[in-house]
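Here's the structure we're looking at; comments come further down.
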Amino acid sequence: MSQFKDATAIVGIGQTEFAKSLDATEMELACRAVLAALDDAGIDPSEVDALGSFTLETTDEYELARSCGLGEIVHFAQVPYGGGAACATVGHVAMAVATGVANVGVAWRSRKRGARTARNWSQVSQRVDDQWKYSRPYGLVRPVDEVALLTRRYMHEYGATRDHLANVALACRAHANRNPAAFMFERTMTREQYMEARWISEPLCLFDNCLESDGALAAVIVRADRARDCRQKPAYIHAYSQGLSTQHQVMVDYHSANPLRGCSWPVAANLWRQSDFAPKDVDVAQLYDAFTPLILLSLEAYGFCAVGEAPAFTENGALQLGGRLPINTSGGGLSEAYVHGMNLVTEGVRQVRGTSTAQVEGATVSLVTSAAAVPTGALLLRGD
């Protein structure tokens, strides 16, 4: 039996506004999100003694601790792989808290990506090294190009169409239209608009891609016995997993026997191994959505359907509120904000609290995943 199961809980969440361009620095945004999360939990900043963040974070732990008035830090860790890191930043802090190394942990992500010059891929010539030297000089310049290659393979193997990708994009947009904090709150989208959108990297159009946005989010983690006395209803971390598949190649899996079977598969197997729940018990899922086809891959990897059945799974409004598995109920990276998936974590918490703007009635089990195409992680959250 896992000693980690339900031993900790997320008791506070915080975020800044999301926008195309915010004036504040990444450190200022990080501090705002962290302090908002602590206030949400009713915990004084001086009690924080553990921190978790991304290797891509520009704010150092000591800067955040000093600026927010945190206590003496006894644990800190960073997780690599960008979109693969959000669940693991929470998971690493939760393990430190569960084992008694620390008492109050904060995981955060702050990002300014709205400006073109802030995007890694605007200086792609400086990133042709290591594994990338075999792909970028030949046209796979950006992540979208690499995912487009996987998408075309998936379409060929299983008969998926752009209509199935549209089902994902439309579900996320419909949920964002209910969320005043979402980038796309007042911007509705029709299937016709999706189909007429310009190509970014065929077969992926504009609406198959996540937003480019500025913002920050944070989550506060404590042990379960303390969680019951905090200000908000706790979201217990029932299970957590992080994983890397055999012979993995980031984004495209050139070296594996099946490039469509990526890191989400070992993560999912380990997650369910620890859990009292199965895929059929999940009420709502926050599936990493930098690109729409990653949802199809995740539906299969996490066991919601068999391999090749994800396209059909998306039909008849299955992914929208009221459907068989509502996903990304805040709008996700496609329509709320793209902050490397940390907003999926906070929305997973809101669902088990019962406070989402697209609340799934009676939701008590919420799955949150990180990126399907890189080394990744997942969380299974549950309410009381």
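Naming works like this for the structure tokens: A, B, ... for the chains as they're shown, residue 1 at the start of each chain, ligands 1 onward in shown order.
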Exercise. List every residue of stretch 172-214 of chain A that DSSP, applied to the backbone of this structure, places in alpha helix (DSSP H), and write the result as a list in words.
Key: Cys172, Arg173, Ala174, His175, Ala176, Arg191, Glu192, Gln193, Tyr194, Met195 and Glu196 of chain A
Per residue of stretch 269-298 of chain A within 10 Å of stretch 142-155 of chain A, record the nearest atom pair and its distance in Å to one decimal, counting only C-alpha atoms, with rows in chain order and ascending residue number, as a tab-separated table.
```
residue	atom	partner	partner_atom	distance
A:Ala290	CA	A:Val144	CA	8.9
A:Phe291	CA	A:Val144	CA	7.5
A:Thr292	CA	A:Thr151	CA	9.4
A:Pro293	CA	A:Thr151	CA	6.3
A:Leu294	CA	A:Val147	CA	8.3
A:Leu296	CA	A:Tyr154	CA	9.4
A:Leu297	CA	A:Tyr154	CA	9.0
```
Write the selection just made, keeping C-alpha atoms, as a JSON list (two decimals), in the first residue's frame?
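The result, written out as part.json:
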```json
[["chain", "number", "residue", "atom", "x", "y", "z"],
["A", 290, "ALA", "CA", -0.55, 22.63, -25.56],
["A", 291, "PHE", "CA", -1.89, 21.04, -28.76],
["A", 292, "THR", "CA", -5.27, 19.37, -29.35],
["A", 293, "PRO", "CA", -3.90, 15.95, -30.45],
["A", 294, "LEU", "CA", -2.19, 15.53, -27.07],
["A", 296, "LEU", "CA", -6.29, 12.08, -27.89],
["A", 297, "LEU", "CA", -2.98, 10.51, -26.82]]
```
Task: Surrounding residues of stretch 72-86 of chain A excluding itself and chain neighbours under 3 positions, 7 Å, only C-alpha atoms, as a ChimeraX atom specification - done: /A:49-56,89-90,102,340-342,370-371,374-377
Notebook entry, point to check: Which residues, written as a ChimeraX atom specification, have at least one atom at most 6 Å from stretch 348-364 of chain A, with only C-alpha atoms counted and residues fewer than 3 positions away on the same chain left out?
Noted result: /A:178-179,233,235,283,329,345,382-383
- Item | Near-A:Ala224 list (7 Å; only C-alpha atoms; drop same-chain fewer than 3 positions) as a count of residues only | 6
